[in-house]
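Just data.cif here, mmCIF, C-alpha atoms:
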```cif
data_my_file
loop_
_atom_site.label_atom_id
_atom_site.label_comp_id
_atom_site.auth_asym_id
_atom_site.auth_seq_id
_atom_site.Cartn_x
_atom_site.Cartn_y
_atom_site.Cartn_z
CA MET A 1 99.84 123.07 14.89
CA ILE A 2 98.98 126.27 13.01
CA ARG A 3 95.69 127.68 14.31
CA SER A 4 95.72 131.22 12.89
CA PRO A 5 95.37 132.44 9.27
CA ASP A 6 98.02 135.06 10.11
CA ASN A 7 100.70 132.38 10.02
CA ASP A 8 103.67 133.21 7.77
CA LYS A 9 103.62 129.89 5.92
CA LEU A 10 99.93 130.26 5.10
CA LYS A 11 100.60 133.81 3.95
CA THR A 12 103.40 132.58 1.68
CA ILE A 13 101.13 129.96 0.14
CA ARG A 14 98.49 132.60 -0.53
CA LYS A 15 101.06 134.92 -2.13
CA LEU A 16 102.28 132.13 -4.42
CA GLN A 17 98.91 132.10 -6.17
CA GLN A 18 100.10 135.31 -7.83
CA LYS A 19 102.63 135.28 -10.63
CA ARG A 20 104.48 138.37 -9.39
CA TRP A 21 105.04 136.81 -5.97
CA ARG A 22 106.17 133.55 -7.55
CA ALA A 23 108.69 135.51 -9.61
CA LYS A 24 109.80 137.61 -6.63
CA LEU A 25 110.24 134.71 -4.21
CA GLY A 26 111.38 132.12 -6.77
CA LEU A 27 109.04 129.65 -5.11
CA PHE A 28 105.84 127.83 -6.04
CA SER A 29 103.30 125.62 -4.33
CA ALA A 30 101.99 122.16 -5.15
CA GLU A 31 98.81 120.68 -3.72
CA GLY A 32 97.79 117.10 -3.08
CA GLU A 33 99.47 113.85 -2.08
CA ASP A 34 100.42 112.79 -5.62
CA LEU A 35 102.36 115.96 -6.33
CA VAL A 36 103.94 116.31 -2.90
CA ASP A 37 104.98 112.63 -2.98
CA ALA A 38 106.64 113.20 -6.37
CA ALA A 39 108.52 116.28 -5.15
CA PRO A 40 112.13 116.69 -4.06
CA ALA A 41 112.99 118.51 -0.81
CA ALA A 42 110.46 121.17 0.04
CA GLN A 43 110.93 124.58 1.65
CA PHE A 44 108.07 123.39 3.85
CA VAL A 45 105.04 121.09 3.71
CA LEU A 46 101.78 121.63 5.56
CA ARG A 47 99.51 118.63 6.22
CA ALA A 48 95.91 119.08 7.34
CA GLY A 49 95.41 117.95 10.91
CA VAL A 50 99.16 117.49 11.47
CA ASP A 51 100.76 120.88 10.83
CA VAL A 52 97.68 123.03 10.34
CA GLU A 53 93.97 123.06 11.05
CA PRO A 54 92.24 121.56 7.98
CA GLU A 55 89.96 124.55 7.37
CA LEU A 56 92.94 126.94 7.33
CA LEU A 57 94.67 124.81 4.69
CA ASN A 58 91.47 124.67 2.61
CA ALA A 59 91.29 128.46 2.81
CA VAL A 60 94.63 128.81 0.96
CA SER A 61 93.94 125.95 -1.49
CA THR A 62 93.41 126.75 -5.18
CA LEU A 63 91.11 123.73 -5.48
CA ALA A 64 87.36 124.13 -5.01
CA SER A 65 87.38 120.88 -3.05
CA GLY A 66 90.24 121.99 -0.76
CA THR A 67 93.30 119.88 -0.11
CA ARG A 68 94.99 117.72 2.53
CA VAL A 69 98.55 118.83 1.85
CA ILE A 70 100.43 121.74 0.29
CA GLY A 71 104.18 121.89 -0.27
CA VAL A 72 106.25 124.92 -1.17
CA TYR A 73 109.30 124.47 -3.42
CA ARG A 74 112.06 126.42 -5.04
CA GLN A 75 111.53 127.05 -8.78
CA ARG A 76 114.15 125.39 -10.93
CA TRP A 77 115.05 126.43 -14.46
CA THR A 78 117.36 124.47 -16.72
CA ASP A 79 119.35 125.29 -19.84
CA PRO A 80 117.74 124.53 -23.23
CA GLU A 81 119.92 121.52 -23.96
CA GLY A 82 119.39 117.94 -25.04
CA ASP A 83 118.76 115.78 -28.11
CA LEU A 84 115.06 116.60 -28.10
CA LEU A 85 113.34 119.74 -26.85
CA VAL A 86 109.87 121.23 -27.17
CA TYR A 87 109.77 124.99 -27.67
CA LEU A 88 106.50 126.76 -26.89
CA HIS A 89 105.68 130.13 -28.43
CA GLY A 90 102.73 132.07 -26.99
CA VAL A 91 101.05 129.11 -25.29
CA GLU A 92 98.98 131.09 -22.81
CA ASP A 93 96.93 128.36 -21.21
CA PRO A 94 98.65 127.03 -18.06
CA GLY A 95 96.87 123.68 -18.34
CA ASN A 96 98.36 123.19 -21.81
CA VAL A 97 101.84 124.18 -20.61
CA GLY A 98 101.64 121.70 -17.72
CA THR A 99 100.23 118.94 -19.92
CA ILE A 100 103.02 119.40 -22.46
CA ILE A 101 105.68 119.26 -19.71
CA ARG A 102 104.12 115.97 -18.59
CA SER A 103 103.79 114.59 -22.11
CA ALA A 104 107.36 115.53 -23.08
CA HIS A 105 108.68 113.84 -19.96
CA ALA A 106 106.56 110.71 -20.25
CA LEU A 107 106.81 110.07 -23.98
CA ALA A 108 110.34 111.21 -24.76
CA ASP A 109 112.15 112.36 -21.62
CA ALA A 110 112.31 115.71 -23.40
CA GLY A 111 112.60 119.14 -21.84
CA VAL A 112 110.27 122.06 -22.51
CA VAL A 113 111.53 125.54 -23.36
CA LEU A 114 109.22 128.48 -22.79
CA GLY A 115 109.47 131.26 -25.34
CA PRO A 116 107.67 134.61 -25.26
CA GLY A 117 104.02 134.83 -24.23
CA CYS A 118 103.76 131.49 -22.45
CA ALA A 119 101.88 130.83 -19.22
CA ASP A 120 103.93 130.50 -16.04
CA PRO A 121 104.78 126.77 -15.70
CA TYR A 122 104.86 127.25 -11.92
CA SER A 123 101.25 128.47 -11.69
CA PRO A 124 98.96 126.15 -9.70
CA LYS A 125 97.10 124.98 -12.81
CA ALA A 126 100.27 124.22 -14.76
CA VAL A 127 101.87 122.40 -11.83
CA ARG A 128 98.73 120.30 -11.38
CA ALA A 129 98.58 119.40 -15.08
CA SER A 130 102.27 118.45 -15.07
CA MET A 131 101.54 115.75 -12.48
CA GLY A 132 105.02 115.86 -11.00
CA SER A 133 106.92 116.20 -14.27
CA ILE A 134 107.61 119.82 -13.33
CA PHE A 135 109.88 118.36 -10.63
CA ALA A 136 111.46 115.67 -12.81
CA LYS A 137 111.98 117.85 -15.89
CA PRO A 138 112.20 121.53 -14.90
CA PRO A 139 111.55 123.86 -17.85
CA ALA A 140 113.90 126.31 -19.53
CA ARG A 141 113.29 129.91 -20.60
CA ALA A 142 114.96 131.01 -23.82
CA GLY A 143 114.51 132.51 -27.22
CA LEU A 144 114.62 130.14 -30.17
CA GLY A 145 117.93 131.69 -31.29
CA GLU A 146 119.58 130.61 -28.05
CA ILE A 147 118.91 126.93 -28.74
CA GLY A 148 121.56 124.96 -30.59
CA ALA A 149 119.27 122.19 -31.83
CA ARG A 150 117.65 122.27 -35.29
CA PRO A 151 114.09 123.69 -35.15
CA LEU A 152 111.11 121.99 -36.78
CA ALA A 153 107.82 123.85 -36.43
CA LEU A 154 104.46 122.11 -36.35
CA ASP A 155 102.19 123.98 -38.73
CA PRO A 156 98.77 122.77 -39.97
CA ASP A 157 99.52 124.44 -43.32
CA ALA A 158 102.88 122.73 -43.89
CA GLU A 159 103.28 120.67 -47.06
CA ARG A 160 105.19 117.81 -45.48
CA ASP A 161 103.72 115.26 -43.05
CA LEU A 162 105.58 114.84 -39.80
CA ALA A 163 105.93 111.12 -40.61
CA GLY A 164 108.00 112.08 -43.68
CA ALA A 165 110.13 114.76 -42.01
CA ASP A 166 113.75 114.56 -40.91
CA LEU A 167 113.56 114.09 -37.15
CA SER A 168 117.20 113.34 -36.46
CA PRO A 169 118.57 114.77 -33.21
CA PRO A 170 119.40 117.27 -31.86
CA LEU A 171 115.91 118.53 -32.64
CA VAL A 172 113.63 121.18 -31.17
CA LEU A 173 109.91 120.86 -31.94
CA VAL A 174 108.35 124.34 -32.15
CA LEU A 175 104.68 124.75 -31.25
CA GLY A 176 102.53 127.88 -31.14
CA SER A 177 99.21 128.58 -29.54
CA GLU A 178 95.97 127.42 -31.09
CA ARG A 179 95.29 130.75 -32.77
CA GLY A 180 98.71 132.31 -32.63
CA ALA A 181 101.53 132.43 -35.08
CA ILE A 182 104.79 130.51 -34.91
CA PRO A 183 108.09 132.20 -35.67
CA GLU A 184 108.63 132.66 -39.40
CA GLY A 185 111.25 131.11 -41.66
CA LEU A 186 111.44 127.72 -39.96
CA GLU A 187 111.27 124.29 -41.51
CA THR A 188 107.71 123.04 -40.98
CA ALA A 189 105.77 119.79 -40.85
CA ARG A 190 102.14 118.98 -40.19
CA ILE A 191 100.19 116.38 -38.30
CA PRO A 192 97.59 115.13 -40.78
CA VAL A 193 94.08 115.90 -39.51
CA HIS A 194 90.51 115.20 -40.59
CA ALA A 195 89.01 118.14 -38.75
CA ASP A 196 89.92 121.71 -38.13
CA SER A 197 92.16 121.78 -35.15
CA LEU A 198 94.12 119.86 -32.60
CA ASN A 199 94.86 121.72 -29.42
CA VAL A 200 98.51 122.47 -28.82
CA ALA A 201 98.87 119.81 -26.10
CA MET A 202 97.46 117.09 -28.36
CA ALA A 203 99.66 118.23 -31.25
CA ALA A 204 102.70 118.11 -28.97
CA THR A 205 101.73 114.64 -27.76
CA ALA A 206 101.36 113.25 -31.29
CA ALA A 207 104.62 114.85 -32.40
CA LEU A 208 106.57 113.57 -29.39
CA TYR A 209 105.18 110.12 -30.02
CA GLU A 210 106.36 110.29 -33.66
CA VAL A 211 109.87 111.45 -32.75
CA GLU A 212 110.26 108.85 -30.05
CA ARG A 213 108.89 106.14 -32.32
CA ARG A 214 111.54 107.02 -34.91
CA MET A 215 114.31 107.17 -32.30
CA ARG A 216 113.34 103.67 -31.22
CA GLY A 217 114.09 102.52 -34.74
CA HIS A 218 110.60 102.05 -36.12
CA ALA A 219 110.32 103.19 -39.73
CA MET V 1 64.41 140.69 -25.08
CA ILE V 2 64.35 138.54 -21.93
CA ARG V 3 64.45 140.74 -18.84
CA SER V 4 63.45 138.29 -16.09
CA PRO V 5 65.37 135.33 -14.63
CA ASP V 6 62.01 133.50 -14.48
CA ASN V 7 62.11 133.03 -18.24
CA ASP V 8 61.57 129.39 -19.38
CA LYS V 9 64.62 129.32 -21.65
CA LEU V 10 66.91 130.56 -18.87
CA LYS V 11 65.38 127.97 -16.55
CA THR V 12 66.06 125.24 -19.10
CA ILE V 13 69.70 126.31 -19.45
CA ARG V 14 70.09 126.22 -15.67
CA LYS V 15 68.54 122.74 -15.47
CA LEU V 16 70.92 121.44 -18.15
CA GLN V 17 73.85 121.95 -15.80
CA GLN V 18 72.57 118.84 -14.03
CA LYS V 19 73.09 115.39 -15.48
CA ARG V 20 69.64 114.13 -14.50
CA TRP V 21 67.95 117.00 -16.33
CA ARG V 22 70.15 116.47 -19.38
CA ALA V 23 69.12 112.80 -19.38
CA LYS V 24 65.42 113.63 -18.80
CA LEU V 25 65.17 116.32 -21.48
CA GLY V 26 67.64 114.77 -23.94
CA LEU V 27 69.14 118.23 -24.39
CA PHE V 28 72.42 119.96 -23.58
CA SER V 29 73.84 123.46 -23.73
CA ALA V 30 76.93 124.89 -25.38
CA GLU V 31 78.47 128.26 -24.53
CA GLY V 32 80.52 130.65 -26.59
CA GLU V 33 80.72 131.75 -30.23
CA ASP V 34 83.12 129.01 -31.34
CA LEU V 35 80.85 126.21 -30.17
CA VAL V 36 77.59 127.79 -31.25
CA ASP V 37 79.05 128.57 -34.69
CA ALA V 38 80.11 124.92 -35.04
CA ALA V 39 76.67 123.63 -34.07
CA PRO V 40 73.82 122.34 -36.24
CA ALA V 41 70.27 123.59 -35.71
CA ALA V 42 69.59 124.58 -32.13
CA GLN V 43 66.46 124.22 -30.03
CA PHE V 44 67.16 127.85 -29.25
CA VAL V 45 70.08 130.28 -28.98
CA LEU V 46 70.30 133.24 -26.60
CA ARG V 47 72.66 136.10 -27.42
CA ALA V 48 73.58 138.70 -24.82
CA GLY V 49 72.09 142.09 -25.67
CA VAL V 50 70.00 140.66 -28.51
CA ASP V 51 67.77 138.00 -26.96
CA VAL V 52 68.54 138.47 -23.29
CA GLU V 53 70.01 140.98 -20.90
CA PRO V 54 73.76 140.21 -20.61
CA GLU V 55 73.74 139.84 -16.80
CA LEU V 56 70.90 137.28 -16.97
CA LEU V 57 72.89 135.20 -19.47
CA ASN V 58 76.01 135.43 -17.30
CA ALA V 59 73.94 134.21 -14.34
CA VAL V 60 73.21 130.89 -16.10
CA SER V 61 76.72 130.52 -17.58
CA THR V 62 79.00 127.74 -16.30
CA LEU V 63 82.03 129.93 -17.03
CA ALA V 64 83.46 132.16 -14.33
CA SER V 65 83.93 134.87 -16.95
CA GLY V 66 80.34 134.61 -18.17
CA THR V 67 79.43 134.23 -21.84
CA ARG V 68 77.95 136.15 -24.80
CA VAL V 69 75.93 133.27 -26.23
CA ILE V 70 74.40 129.97 -25.15
CA GLY V 71 72.70 127.46 -27.43
CA VAL V 72 70.57 124.49 -26.44
CA TYR V 73 70.70 121.36 -28.59
CA ARG V 74 69.24 117.89 -28.80
CA GLN V 75 71.64 115.15 -27.64
CA ARG V 76 72.58 112.76 -30.42
CA TRP V 77 73.89 109.23 -29.92
CA THR V 78 75.20 107.04 -32.70
CA ASP V 79 75.73 103.30 -33.12
CA PRO V 80 79.22 101.94 -32.33
CA GLU V 81 80.17 101.33 -35.94
CA GLY V 82 83.10 102.19 -38.18
CA ASP V 83 86.59 101.08 -39.11
CA LEU V 84 88.10 102.76 -36.06
CA LEU V 85 86.50 103.42 -32.69
CA VAL V 86 87.74 104.49 -29.27
CA TYR V 87 86.09 102.71 -26.35
CA LEU V 88 86.35 104.40 -22.94
CA HIS V 89 85.97 102.39 -19.75
CA GLY V 90 85.52 104.32 -16.50
CA VAL V 91 86.91 107.64 -17.76
CA GLU V 92 85.29 109.84 -15.13
CA ASP V 93 86.80 113.21 -16.00
CA PRO V 94 84.53 115.16 -18.39
CA GLY V 95 87.49 117.19 -19.71
CA ASN V 96 89.24 113.98 -20.76
CA VAL V 97 86.07 112.60 -22.40
CA GLY V 98 85.62 115.83 -24.37
CA THR V 99 89.30 116.00 -25.33
CA ILE V 100 89.24 112.41 -26.60
CA ILE V 101 86.12 113.10 -28.69
CA ARG V 102 88.00 116.04 -30.23
CA SER V 103 91.22 114.11 -30.74
CA ALA V 104 89.46 111.09 -32.27
CA HIS V 105 87.63 113.37 -34.69
CA ALA V 106 90.64 115.49 -35.64
CA LEU V 107 93.30 112.80 -35.94
CA ALA V 108 91.34 109.88 -37.32
CA ASP V 109 87.68 110.82 -37.93
CA ALA V 110 86.97 108.09 -35.35
CA GLY V 111 83.93 107.80 -33.11
CA VAL V 112 84.03 107.45 -29.33
CA VAL V 113 82.03 104.80 -27.47
CA LEU V 114 81.30 105.35 -23.80
CA GLY V 115 81.33 102.23 -21.66
CA PRO V 116 80.41 101.99 -17.98
CA GLY V 117 81.56 104.63 -15.51
CA CYS V 118 82.32 107.40 -17.99
CA ALA V 119 81.55 111.08 -17.55
CA ASP V 120 78.57 112.48 -19.44
CA PRO V 121 79.91 113.71 -22.81
CA TYR V 122 77.11 116.30 -22.84
CA SER V 123 78.21 117.96 -19.58
CA PRO V 124 79.35 121.59 -20.00
CA LYS V 125 83.03 120.70 -19.37
CA ALA V 126 83.04 117.83 -21.85
CA VAL V 127 81.26 119.86 -24.52
CA ARG V 128 83.74 122.70 -24.08
CA ALA V 129 86.76 120.35 -24.32
CA SER V 130 85.31 118.73 -27.47
CA MET V 131 85.45 122.12 -29.23
CA GLY V 132 82.58 121.30 -31.57
CA SER V 133 83.56 117.69 -32.29
CA ILE V 134 80.61 116.64 -30.09
CA PHE V 135 78.43 117.99 -32.92
CA ALA V 136 80.47 116.55 -35.78
CA LYS V 137 81.05 113.11 -34.20
CA PRO V 138 78.30 112.33 -31.68
CA PRO V 139 79.33 109.57 -29.26
CA ALA V 140 77.86 106.10 -28.80
CA ARG V 141 76.95 104.25 -25.61
CA ALA V 142 77.56 100.51 -25.59
CA GLY V 143 79.21 97.61 -23.86
CA LEU V 144 82.38 96.27 -25.44
CA GLY V 145 80.52 93.04 -26.32
CA GLU V 146 78.12 94.99 -28.52
CA ILE V 147 80.91 96.24 -30.78
CA GLY V 148 81.78 94.19 -33.83
CA ALA V 149 85.31 95.57 -34.30
CA ARG V 150 88.40 93.82 -32.87
CA PRO V 151 89.39 95.29 -29.48
CA LEU V 152 92.96 96.32 -28.65
CA ALA V 153 93.47 97.65 -25.13
CA LEU V 154 96.14 100.19 -24.25
CA ASP V 155 97.89 98.90 -21.16
CA PRO V 156 101.17 100.28 -19.72
CA ASP V 157 102.07 96.71 -18.65
CA ALA V 158 101.59 95.14 -22.09
CA GLU V 159 104.58 93.36 -23.63
CA ARG V 160 104.07 94.60 -27.15
CA ASP V 161 104.61 98.19 -28.31
CA LEU V 162 101.73 99.79 -30.15
CA ALA V 163 104.09 100.41 -33.10
CA GLY V 164 104.49 96.62 -33.44
CA ALA V 165 100.83 95.68 -32.98
CA ASP V 166 98.30 94.63 -35.60
CA LEU V 167 96.17 97.73 -36.16
CA SER V 168 94.20 96.55 -39.18
CA PRO V 169 90.58 97.73 -39.27
CA PRO V 170 87.90 97.34 -38.06
CA LEU V 171 89.57 98.16 -34.75
CA VAL V 172 88.40 99.48 -31.41
CA LEU V 173 91.03 101.03 -29.14
CA VAL V 174 90.13 100.38 -25.50
CA LEU V 175 91.26 102.87 -22.86
CA GLY V 176 90.63 102.92 -19.13
CA SER V 177 90.94 105.64 -16.56
CA GLU V 178 94.28 106.72 -15.17
CA ARG V 179 93.93 104.56 -12.06
CA GLY V 180 91.18 102.22 -13.16
CA ALA V 181 91.25 98.80 -14.69
CA ILE V 182 90.48 97.91 -18.28
CA PRO V 183 88.31 94.88 -19.11
CA GLU V 184 90.24 91.60 -18.80
CA GLY V 185 91.18 89.08 -21.48
CA LEU V 186 91.80 91.56 -24.28
CA GLU V 187 94.76 91.80 -26.61
CA THR V 188 96.96 94.60 -25.27
CA ALA V 189 99.65 96.98 -26.45
CA ARG V 190 101.56 99.76 -24.76
CA ILE V 191 102.77 103.21 -25.58
CA PRO V 192 106.47 103.23 -24.60
CA VAL V 193 107.06 105.77 -21.84
CA HIS V 194 110.03 107.18 -19.93
CA ALA V 195 108.01 108.23 -16.91
CA ASP V 196 105.17 106.87 -14.89
CA SER V 197 102.01 107.86 -16.56
CA LEU V 198 100.36 109.44 -19.53
CA ASN V 199 96.88 110.70 -18.89
CA VAL V 200 94.15 108.89 -20.78
CA ALA V 201 93.60 111.75 -23.22
CA MET V 202 97.31 111.86 -24.16
CA ALA V 203 97.42 108.06 -24.49
CA ALA V 204 94.38 108.18 -26.77
CA THR V 205 95.98 110.94 -28.84
CA ALA V 206 99.24 109.03 -29.33
CA ALA V 207 97.38 105.82 -30.17
CA LEU V 208 95.06 107.52 -32.67
CA TYR V 209 98.09 109.12 -34.30
CA GLU V 210 99.76 105.69 -34.64
CA VAL V 211 96.68 104.02 -36.13
CA GLU V 212 96.08 106.84 -38.59
CA ARG V 213 99.76 106.90 -39.52
CA ARG V 214 99.60 103.20 -40.36
CA MET V 215 96.32 103.60 -42.30
CA ARG V 216 98.01 106.28 -44.40
CA GLY V 217 100.54 103.70 -45.46
CA HIS V 218 103.55 104.71 -43.39
CA ALA V 219 105.41 101.69 -42.07
#
```
Let me see the file written as structure tokens.
Amino acid sequence: MIRSPDNDKLKTIRKLQQKRWRAKLGLFSAEGEDLVDAAPAAQFVLRAGVDVEPELLNAVSTLASGTRVIGVYRQRWTDPEGDLLVYLHGVEDPGNVGTIIRSAHALADAGVVLGPGCADPYSPKAVRASMGSIFAKPPARAGLGEIGARPLALDPDAERDLAGADLSPPLVLVLGSERGAIPEGLETARIPVHADSLNVAMAATAALYEVERRMRGHA
Amino acid sequence: MIRSPDNDKLKTIRKLQQKRWRAKLGLFSAEGEDLVDAAPAAQFVLRAGVDVEPELLNAVSTLASGTRVIGVYRQRWTDPEGDLLVYLHGVEDPGNVGTIIRSAHALADAGVVLGPGCADPYSPKAVRASMGSIFAKPPARAGLGEIGARPLALDPDAERDLAGADLSPPLVLVLGSERGAIPEGLETARIPVHADSLNVAMAATAALYEVERRMRGHA
């Protein structure tokens, strides 16, 4: 039972709150039963009252409420391959990145590719938002030019509705940040809206639903 | 220029962080230029450096980073009417409630009805997630029995896919919390998934997209 904050595992967990340490160690942490239960083999897992004094675990938690369990895992990165991918360009909010990883997994079993300017998918917030999909569908890092699939960019100013667009695989859906630009010169389609803006995670969700709907043979 | 934290307006803003004060006063606050710009007439607006010393405004902000402007507004509640509504049952997370209000507005110009056990849509987190849609589409509070439209509940265990369901208006989409139950005895449909769970905001987004798609005359 760990009884000192000077413990190496606790120190590692604290370091992993920082992007540069995550990059250096190639590790990340996940908090809470749901995430740890969904995870593959860990580097180590600390449970409050079993492996560590509860207050010491709370002290390295990123949650205001503290946590009962933290696991540390090796980061995995995949290649940008598959019949359907989601490519994110400049999506800076880690909650959106994690939500899109979850949505892509749940709705379409699709992988997410992180382009330039995206939040670290292994940050605590992104991991939490992914709800375990970060383990089931590890992300890829690549430029759009490195992806073989045909790109279709979601753009509110596009002339064509997504429902009328060619969505045949292999396809990569390209999404930018709420205020940012998407790469130029791509085929575009829009999600029809009544009000100004959808956030990028909602736009991704609607688009993935549409693609999957079509792949299932609905008109 | 307000130079004392004892100022009545600052005190009101601080009180409105609590649900019971929001209910008692019938008011709520919104922080940040985007929200305040999207708002109708305010009870009052405080701008850092114009109406109030910046540090005093930061002290009553709910954002860790502080804020440049806070407006206080009268809560508005509408009747549960319209061709398309979203009914939430036990959705406790204010971020999800706000996101669904935004999604319903953007994708389908639909109103949101809050049933029992839902988070306060006028809490700071919900207002922020709504991104101004709380002003454009104020929510309703009602029991499902008080709504005239035909209910269709989203249920992962339903036999029928949403894409094959009757979505003719007037319709009310019923969604429950991630772990909670939805009311019994309703017609149900599911969003086909590859992995365990969609969160309630993503499920609402996909469902609203499907309904709107159909209303636009796509098959």
CA of Asp83 (chain A) to CA of Gly185 (chain A), distance in Å rounded to a single decimal: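 Interatomic distance, CA of Asp83 (chain A) to CA of Gly185 (chain A): 21.8 Å.
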Provide the CA of Leu175 (chain A) to CA of Leu208 (chain A) distance in Å, to one decimal place.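 So the two atoms, CA of Leu175 (chain A) and CA of Leu208 (chain A), lie 11.5 Å apart.
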Could you produce a table of the residues of chain V lying within 10 Å of chain A, with the nearest pair of atoms per residue and their separation in Å rounded to one decimal, using all atoms listed in the file, ordered by chain and increasing residue number, as a tab-separated table?
```
residue	atom	partner	partner_atom	distance
V:Thr99	CA	A:Met202	CA	8.8
V:Ile100	CA	A:Met202	CA	9.6
V:Arg102	CA	A:Leu198	CA	7.6
V:Ser103	CA	A:Leu198	CA	6.7
V:Ala104	CA	A:His194	CA	9.3
V:His105	CA	A:Ala195	CA	6.4
V:Ala106	CA	A:Ala195	CA	4.4
V:Leu107	CA	A:Val193	CA	4.8
V:Ala108	CA	A:His194	CA	6.3
V:Asp109	CA	A:His194	CA	5.9
V:Ala110	CA	A:His194	CA	9.5
V:Ala129	CA	A:Asn199	CA	9.7
V:Met131	CA	A:Ser197	CA	9.0
V:Gly132	CA	A:Asp196	CA	9.9
V:Ser133	CA	A:Ala195	CA	8.5
V:Ala136	CA	A:Ala195	CA	9.2
V:Asp161	CA	A:Arg213	CA	9.9
V:Leu162	CA	A:Arg213	CA	9.8
V:Ala163	CA	A:His218	CA	7.4
V:Gly164	CA	A:His218	CA	8.6
V:Ile191	CA	A:Leu107	CA	8.1
V:Pro192	CA	A:Leu107	CA	6.9
V:Val193	CA	A:Leu107	CA	4.8
V:His194	CA	A:Ala106	CA	5.0
V:Ala195	CA	A:Ala106	CA	4.4
V:Asp196	CA	A:Ala106	CA	6.7
V:Ser197	CA	A:Ala106	CA	6.5
V:Leu198	CA	A:Ala106	CA	6.4
V:Asn199	CA	A:Ser103	CA	8.6
V:Ala201	CA	A:Met202	CA	8.4
V:Met202	CA	A:Thr205	CA	6.3
V:Ala203	CA	A:Thr205	CA	8.5
V:Ala204	CA	A:Met202	CA	9.6
V:Thr205	CA	A:Met202	CA	6.3
V:Ala206	CA	A:Ala206	CA	5.1
V:Ala207	CA	A:Ala206	CA	8.5
V:Leu208	CA	A:Ala206	CA	8.6
V:Tyr209	CA	A:Ala206	CA	6.1
V:Glu210	CA	A:Glu210	CA	8.1
V:Glu212	CA	A:Pro192	CA	8.7
V:Arg213	CA	A:Ala163	CA	7.6
V:Arg216	CA	A:Pro192	CA	9.6
V:His218	CA	A:Ala163	CA	7.4
V:Ala219	CA	A:Ala219	CA	5.6
```
Picked residues, the PyMOL selection byres ((chain A and resi 47-56) around 6), as a PyMOL selection string: chain A and resi 1-3+46+57-59+68-69
Enclose the full set of atoms of region 115-119 of chain A listed in the file within a box whose edges lie along x, y and z, apply 6 Å of padding to each of the six sides, and report centre and edge lengths in Å to one decimal as lines of an AutoDock Vina configuration file.
```
center_x = 105.7
center_y = 132.8
center_z = -22.3
size_x = 19.6
size_y = 16.0
size_z = 18.1
```
Exactly which residues make up the result of the PyMOL selection byres ((chain V and resi 94) around 6) on this file, given as an MDAnalysis selection string? chainID V and resid 93 95:97 119 125:126
Report the distance between CA of Val91 (chain V) and CA of Val113 (chain V) in Å, rounded to one decimal place. 11.2 Å
For the file shown, what are the residues hit by the PyMOL selection byres ((chain V and resi 60) around 10), laid out as number ranges by chain? V: 5, 10-17, 55-59, 61-63, 66-67, 70
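Nearest to Gln18 (chain V) of all the residues V:Arg214, V:Tyr122, V:Val174, V:Ile134 is V:Tyr122, based on only C-alpha atoms.
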Which residues come within 7 Å of Asp155 (chain V), counting all atoms listed in the file, excluding same-chain residues fewer than 4 positions away, as an NGL selection string? :V and (188-190)
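Each of A:Leu167, A:Val172, A:Ala30, A:Val211 was checked against Leu114 (chain A) using all atoms listed in the file; the smallest atom-to-atom distance is that of A:Val172.
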Measuring between all atoms listed in the file, which one of A:Ile147, A:Arg141, A:Pro121, A:Pro116 shows the shortest distance to Glu81 (chain A)? A:Ile147
